[in-house]
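J.: First the structure, which I've put down as structure tokens, then a few questions once you've had a look.
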Amino acid sequence: MTATGLAAALVDEYLVGSGAITLVGLISAYGAGAIPPAISALKALFSKGELDIDLLMVVAAVAAALVGAPVEGAVLLALFSISGALEHRAMGKARKAVEALMQLRPSVAELIDKNGTRTVPVSDLKPGDQVILRPGARVPVDGLVREGEGSMDESTITGESMPVSKAPGAALHEATVNLNAVLIMEVRRRLEESTVSQMVKLVTEAQAMKAPSEQFSAWFGQRYTWAVLIGSVLAYFGFLLYDYSHELALYRAATLLVAASPCAIVISVPAAILSALSASARGGVLFKGGAALERLAETRIFAFDKTGTLTTGKAVVTGVLALHGSADELLAIASGLEKFSEHPIASAIVSEAKSRSLTEVVVEQVVSTASVGIAGRAGERSVWAGNPRIALLRGANVGDLRLRDVQASAQTLVYVGEDERLLGVITVADEPRDTSARGIRALRSAGIERVVMMTGDRRPLAELVAKEMNISEVHADLLPADKVQLVDELANSAPTAFVGDGVNDAAALARADVGIAMGVAGSEVALQAADVALLSEDMQRLAEAHRLARRTKAVIRQNLGFALTAMIALVTAGAFFELPLPLAVIGHEGGTLLVVLNSLRLLWDPIRAS
């Protein structure tokens, strides 16, 4: 409306010359462009004691009209309105993260009950319910696979581009897509507690929480705006002292007011922060506010928990050494025994046997002894598997020279035998994540000074994993309290981030300058204690998040540098030269818009998958 009124006034004044249309156009421009922001600014002034920058623009436009330059005042209001609309639209792109997350959710689910299946609202699902997932369906809430095997597209949640295989017992995340199989899932969480709900909550809270630089920007903007208003009044009287006419002094003071207005400075920080938060959310990294983003940019030390963070937290068979017979025969015996155990090492052995398509030995009369092992009968033979204690109890010789190398390694050994004879050993270890080494290399190349590993595991095992990750500083045999103490010591020397995933990491996550929770399926306690949540288990996302944080800091510096330079140039021109009011307006509004557009570049460079 403001721009339309101005256009009508300009056409009439320069082409038609009736005068009446010019008057109506200017009244429309001033009414639409000045009244709403003036009302809003006055409400803020009287209710909160805050001086809105918009009020400066209205005062300048009215001053221009009073000195006989109503068209220039209308130009100011029109450009101010257009700039505000473009700024609002541009910033709106950064605020669509929450809306995009909400759209991921399915509205209904196919519930299995005693009468068969029925379609119900997702909000009605509760833990323990069973739901059918057909090919192409989105997972309604977080759950577990109970029946069926297939692949899931988890890109909407974790950013992982490749399909992820799912078998019974595997976790399913809300809003991921079932690609190729009929699965029966068991509900783990209600809708309001599921993955997307957590993401929405984190993104909403992050956008509402101001970073220290944002708080300073708002504090500075309020005080500087008062200074500009008072300074313009003083400038008016100063111009009068230099024998300017009342009209010209008022015009020059209005020009100076526009030139000195801090719009670009005030918007420099929040525009960049909001863009970065939205970009990181799309890339599977959620910051709990701009403060966490700023602190990550300053981080110089990264401390990592080992199990479940640098490693998968899942035991895998790394080797089979048979002293008698073949490796496959040894695995078949061990698998026949271990299928009766729920220990993670037992699961690793059974999985390895299945991957080799071995037929497990049939074992009966199975007896499991805690901290020793498991034993049973296979036909006429007594077979057993476990740690060295069970071998010694059976009278087997564990001093065979062929075992020397594996016994010297840091891996977990499972001794397998029959009767009094040791048949061989199976080595089991916690598997390092494929992305851990790459992520740590990326952090080092970004200038991180120290990378530290902390774990409650034995030192030999910790050092074995650290060697694969090229981590030289290792702290092992730690209790949760020890991790907190170490984080304190590190934080005293430089800004420190701690990365963990379990309940026992919560205290260290809370104590670090930046606590980073690993994996969307990680501990609820860890997620609550952390400042940053990595939805993916891809460690390279952490390096990408650090890169984005540092780039955001650079963009903020660029914004502030440009805004201050432009403002100083405009103020100088307004105070000592004949700077036209429209040119001051174009410089002011153009600078504000450029700052916003520079910030939006962060949206176009999101966190990438490895």
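We name chains A, B, ... following the order of the structure tokens; residues begin at 1 in each chain, and ligands are numbered from 1 as shown.
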When DSSP is applied to the backbone of this structure, which of region 94-313 of chain A are assigned helix (DSSP H, G or I)? Write them out as a ChimeraX atom specification.

T.: /A:94,97-102,122-124,155-158,191-193,195-208,212-241,246-260,263-282,290-298,306-310

J.: Kindly export the residues of the current selection with C-alpha atoms, as a CSV table (one decimal), in the first residue's frame.

T.:
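Wrote it out as out09.csv, contents follow:
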chain,number,residue,atom,x,y,z
A,94,ALA,CA,15.1,-19.8,8.4
A,97,ALA,CA,12.6,-25.8,10.3
A,98,VAL,CA,9.8,-26.6,12.8
A,99,GLU,CA,7.1,-26.7,10.1
A,100,ALA,CA,9.2,-29.1,8.0
A,101,LEU,CA,9.7,-31.4,11.0
A,102,MET,CA,6.0,-31.4,11.8
A,122,VAL,CA,-1.0,-41.8,16.0
A,123,SER,CA,-1.8,-39.9,19.1
A,124,ASP,CA,-3.7,-42.9,20.5
A,155,SER,CA,17.4,-39.6,5.8
A,156,THR,CA,14.6,-37.4,7.2
A,157,ILE,CA,15.9,-37.9,10.8
A,158,THR,CA,19.6,-38.7,10.7
A,191,LEU,CA,3.7,-39.4,20.2
A,192,GLU,CA,4.7,-36.4,22.4
A,193,GLU,CA,7.9,-38.3,23.5
A,195,THR,CA,11.9,-38.4,17.9
A,196,VAL,CA,10.1,-35.6,15.9
A,197,SER,CA,8.6,-34.2,19.1
A,198,GLN,CA,12.1,-34.0,20.6
A,199,MET,CA,13.4,-32.4,17.5
A,200,VAL,CA,10.6,-29.9,17.4
A,201,LYS,CA,11.1,-29.0,21.1
A,202,LEU,CA,14.8,-28.6,20.6
A,203,VAL,CA,14.5,-26.4,17.5
A,204,THR,CA,11.8,-24.3,19.1
A,205,GLU,CA,13.8,-23.8,22.3
A,206,ALA,CA,16.9,-23.1,20.3
A,207,GLN,CA,15.3,-20.3,18.2
A,208,ALA,CA,13.9,-18.7,21.4
A,212,PRO,CA,25.4,-13.9,24.2
A,213,SER,CA,26.2,-11.9,21.1
A,214,GLU,CA,22.5,-11.7,20.4
A,215,GLN,CA,21.8,-10.4,23.9
A,216,PHE,CA,24.6,-7.8,23.5
A,217,SER,CA,23.2,-6.8,20.1
A,218,ALA,CA,19.8,-6.2,21.5
A,219,TRP,CA,21.2,-4.4,24.6
A,220,PHE,CA,23.4,-2.2,22.3
A,221,GLY,CA,20.5,-1.6,19.9
A,222,GLN,CA,18.3,-0.2,22.6
A,223,ARG,CA,20.9,2.2,23.9
A,224,TYR,CA,22.2,3.2,20.6
A,225,THR,CA,18.7,3.9,19.3
A,226,TRP,CA,18.2,6.4,22.1
A,227,ALA,CA,21.6,7.9,21.3
A,228,VAL,CA,20.7,8.3,17.6
A,229,LEU,CA,17.4,10.0,18.5
A,230,ILE,CA,19.0,12.4,21.0
A,231,GLY,CA,21.9,13.0,18.6
A,232,SER,CA,19.6,13.9,15.8
A,233,VAL,CA,17.9,16.5,18.0
A,234,LEU,CA,21.3,17.9,19.0
A,235,ALA,CA,22.4,17.9,15.3
A,236,TYR,CA,19.3,19.9,14.4
A,237,PHE,CA,20.3,22.6,16.8
A,238,GLY,CA,23.9,22.4,15.6
A,239,PHE,CA,22.9,23.0,12.1
A,240,LEU,CA,20.9,26.0,13.2
A,241,LEU,CA,24.0,27.4,14.8
A,246,HIS,CA,14.8,25.7,10.1
A,247,GLU,CA,13.7,23.5,7.1
A,248,LEU,CA,17.2,22.6,6.0
A,249,ALA,CA,18.4,21.9,9.5
A,250,LEU,CA,15.4,19.6,10.1
A,251,TYR,CA,16.0,17.9,6.7
A,252,ARG,CA,19.7,17.3,7.5
A,253,ALA,CA,18.8,16.1,11.0
A,254,ALA,CA,16.3,13.6,9.5
A,255,THR,CA,18.9,12.4,7.0
A,256,LEU,CA,21.4,11.9,9.8
A,257,LEU,CA,18.8,10.0,11.8
A,258,VAL,CA,18.3,7.6,9.0
A,259,ALA,CA,22.0,7.2,8.3
A,260,ALA,CA,22.8,6.5,11.9
A,263,CYS,CA,19.0,-1.7,11.9
A,264,ALA,CA,21.7,-3.6,10.1
A,265,ILE,CA,23.8,-3.9,13.2
A,266,VAL,CA,21.0,-5.2,15.3
A,267,ILE,CA,19.9,-7.8,12.8
A,268,SER,CA,23.5,-9.0,12.0
A,269,VAL,CA,23.7,-11.5,14.8
A,270,PRO,CA,20.2,-13.0,15.1
A,271,ALA,CA,19.9,-13.4,11.3
A,272,ALA,CA,23.1,-15.5,11.2
A,273,ILE,CA,22.3,-17.5,14.3
A,274,LEU,CA,18.8,-18.4,13.2
A,275,SER,CA,20.0,-19.4,9.7
A,276,ALA,CA,22.7,-21.6,11.2
A,277,LEU,CA,20.3,-23.3,13.6
A,278,SER,CA,17.9,-24.2,10.8
A,279,ALA,CA,20.7,-25.4,8.6
A,280,SER,CA,22.1,-27.7,11.3
A,281,ALA,CA,18.6,-29.0,12.1
A,282,ARG,CA,18.2,-30.1,8.4
A,290,GLY,CA,22.6,-19.8,19.8
A,291,ALA,CA,24.8,-19.9,22.9
A,292,ALA,CA,25.7,-23.6,22.2
A,293,LEU,CA,26.5,-22.7,18.6
A,294,GLU,CA,28.8,-19.9,19.7
A,295,ARG,CA,30.6,-22.0,22.3
A,296,LEU,CA,31.2,-24.8,19.8
A,297,ALA,CA,32.9,-22.3,17.5
A,298,GLU,CA,35.2,-21.4,20.4
A,306,LYS,CA,34.6,-44.5,23.9
A,307,THR,CA,31.8,-47.1,24.0
A,308,GLY,CA,28.8,-46.1,21.9
A,309,THR,CA,30.5,-42.9,20.8
A,310,LEU,CA,33.8,-43.6,19.0

J.: Would you mind writing down, as a PyMOL selection string, each residue of region 474-598 of chain A that DSSP on the backbone assigns to strand (DSSP E or B)?

T.: chain A and resi 474-475+496-500+514-518+532-534

J.: Would you kindly return, as a ChimeraX atom specification, each protein, DNA or RNA residue with an atom no farther than 10 Å from any atom of Met185 (chain A), considering only C-alpha atoms and excluding same-chain residues fewer than 6 positions away?

T.: /A:111-112,128-133,139,141-148,168-172

J.: I want to know what sits within 12 Å of Leu392 (chain A), based on only C-alpha atoms, with residues of the same chain fewer than 6 positions away left out; could you give that as a list in words?

T.: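 Neighbouring residues, sequence-local ones excluded: Val372, Gly373, Trp384, Ala385, Gly386, Val398, Gly399, Tyr415, Val416, Gly417, Asp419, Glu420, Arg421 and Leu422 of chain A.
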
J.: Next, dump the selected residues to file, keeping only N, CA and C atoms, as a compact mmCIF listing (two decimals), in the first residue's frame.

T.:
# COMPACT_ATOMS: atom_id res chain seq x y z
N VAL A 372 31.94 -66.68 34.57
CA VAL A 372 32.77 -67.84 34.22
C VAL A 372 32.52 -68.25 32.77
N GLY A 373 31.30 -68.70 32.47
CA GLY A 373 31.00 -69.12 31.10
C GLY A 373 29.76 -69.97 31.04
N TRP A 384 32.09 -76.45 26.27
CA TRP A 384 32.03 -75.26 27.13
C TRP A 384 32.65 -74.06 26.41
N ALA A 385 32.30 -72.88 26.91
CA ALA A 385 32.86 -71.64 26.36
C ALA A 385 32.80 -70.57 27.45
N GLY A 386 33.82 -69.72 27.50
CA GLY A 386 33.83 -68.66 28.50
C GLY A 386 35.20 -68.04 28.66
N VAL A 398 45.73 -73.49 28.94
CA VAL A 398 45.58 -72.20 28.25
C VAL A 398 46.94 -71.58 27.97
N GLY A 399 48.03 -72.35 28.15
CA GLY A 399 49.36 -71.81 27.93
C GLY A 399 49.96 -72.19 26.60
N TYR A 415 37.21 -68.63 25.38
CA TYR A 415 37.85 -69.94 25.26
C TYR A 415 36.76 -70.98 25.02
N VAL A 416 36.99 -71.84 24.03
CA VAL A 416 36.02 -72.87 23.67
C VAL A 416 36.71 -74.23 23.74
N GLY A 417 36.04 -75.21 24.38
CA GLY A 417 36.66 -76.53 24.49
C GLY A 417 35.65 -77.63 24.64
N ASP A 419 35.32 -81.38 26.91
CA ASP A 419 35.90 -82.18 27.98
C ASP A 419 37.08 -81.41 28.60
N GLU A 420 38.30 -81.99 28.54
CA GLU A 420 39.45 -81.33 29.15
C GLU A 420 40.36 -80.69 28.11
N ARG A 421 39.89 -80.60 26.89
CA ARG A 421 40.74 -80.09 25.80
C ARG A 421 40.27 -78.72 25.33
N LEU A 422 41.21 -77.79 25.22
CA LEU A 422 40.91 -76.46 24.67
C LEU A 422 40.93 -76.55 23.15

J.: Quick one: pull the distance between CA of Ala348 (chain A) and CA of Val316 (chain A), Å, one decimal.

T.: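 So the two atoms, CA of Ala348 (chain A) and CA of Val316 (chain A), lie 5.0 Å apart.
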
J.: Would you mind reading off the distance between CA of Glu364 (chain A) and CA of Ile333 (chain A), one decimal, in Å?

T.: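 CA of Ile333 (chain A) lies 11.8 Å from CA of Glu364 (chain A).
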
J.: Show me, as a PyMOL selection string, the residues that have an atom within 8 Å of Ala346 (chain A) when counting only C-alpha atoms, minus same-chain residues fewer than 6 positions from it.

T.: chain A and resi 335+338-339

J.: Mind dumping the selected residues with N, CA and C atoms as a compact mmCIF listing (two decimals), in the first residue's frame?

T.:
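So out.txt came out as:
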# COMPACT_ATOMS: atom_id res chain seq x y z
N SER A 335 28.54 -71.28 18.94
CA SER A 335 27.21 -70.75 18.63
C SER A 335 26.12 -71.60 19.25
N GLU A 338 26.21 -70.50 22.90
CA GLU A 338 25.92 -69.10 23.20
C GLU A 338 24.51 -68.67 22.81
N LYS A 339 23.81 -69.46 22.01
CA LYS A 339 22.45 -69.08 21.67
C LYS A 339 21.53 -69.10 22.90

J.: Do you have the CA of Glu110 (chain A)-CA of Ser165 (chain A) distance handy?

T.: 21.9 Å

J.: Quick one: residues within 8 Å of Gly500 (chain A), only C-alpha atoms, excluding same-chain residues fewer than 2 positions away - as a PyMOL selection string?

T.: chain A and resi 304-306+308-309+498+502+505-506+509+516-518+526

J.: Write the residues of the selection above to a file with C-alpha atoms, as a PDB file, in the first residue's frame.

T.:
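Wrote it out as again-v8.pdb, contents follow:
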ATOM      1  CA  PHE A 304      35.123 -38.401  23.667  1.00  0.00           C
ATOM      2  CA  ASP A 305      33.554 -41.259  25.540  1.00  0.00           C
ATOM      3  CA  LYS A 306      34.574 -44.517  23.861  1.00  0.00           C
ATOM      4  CA  GLY A 308      28.779 -46.090  21.908  1.00  0.00           C
ATOM      5  CA  THR A 309      30.467 -42.883  20.776  1.00  0.00           C
ATOM      6  CA  PHE A 498      32.524 -33.586  25.680  1.00  0.00           C
ATOM      7  CA  GLY A 502      25.035 -42.935  27.922  1.00  0.00           C
ATOM      8  CA  ASP A 505      28.019 -39.496  30.553  1.00  0.00           C
ATOM      9  CA  ALA A 506      25.303 -37.076  31.675  1.00  0.00           C
ATOM     10  CA  LEU A 509      28.032 -33.541  29.338  1.00  0.00           C
ATOM     11  CA  ILE A 516      27.249 -33.215  22.749  1.00  0.00           C
ATOM     12  CA  ALA A 517      24.897 -36.226  22.887  1.00  0.00           C
ATOM     13  CA  MET A 518      25.593 -38.870  20.276  1.00  0.00           C
ATOM     14  CA  ALA A 526      22.286 -37.668  27.974  1.00  0.00           C
TER      15      ALA A 526
END
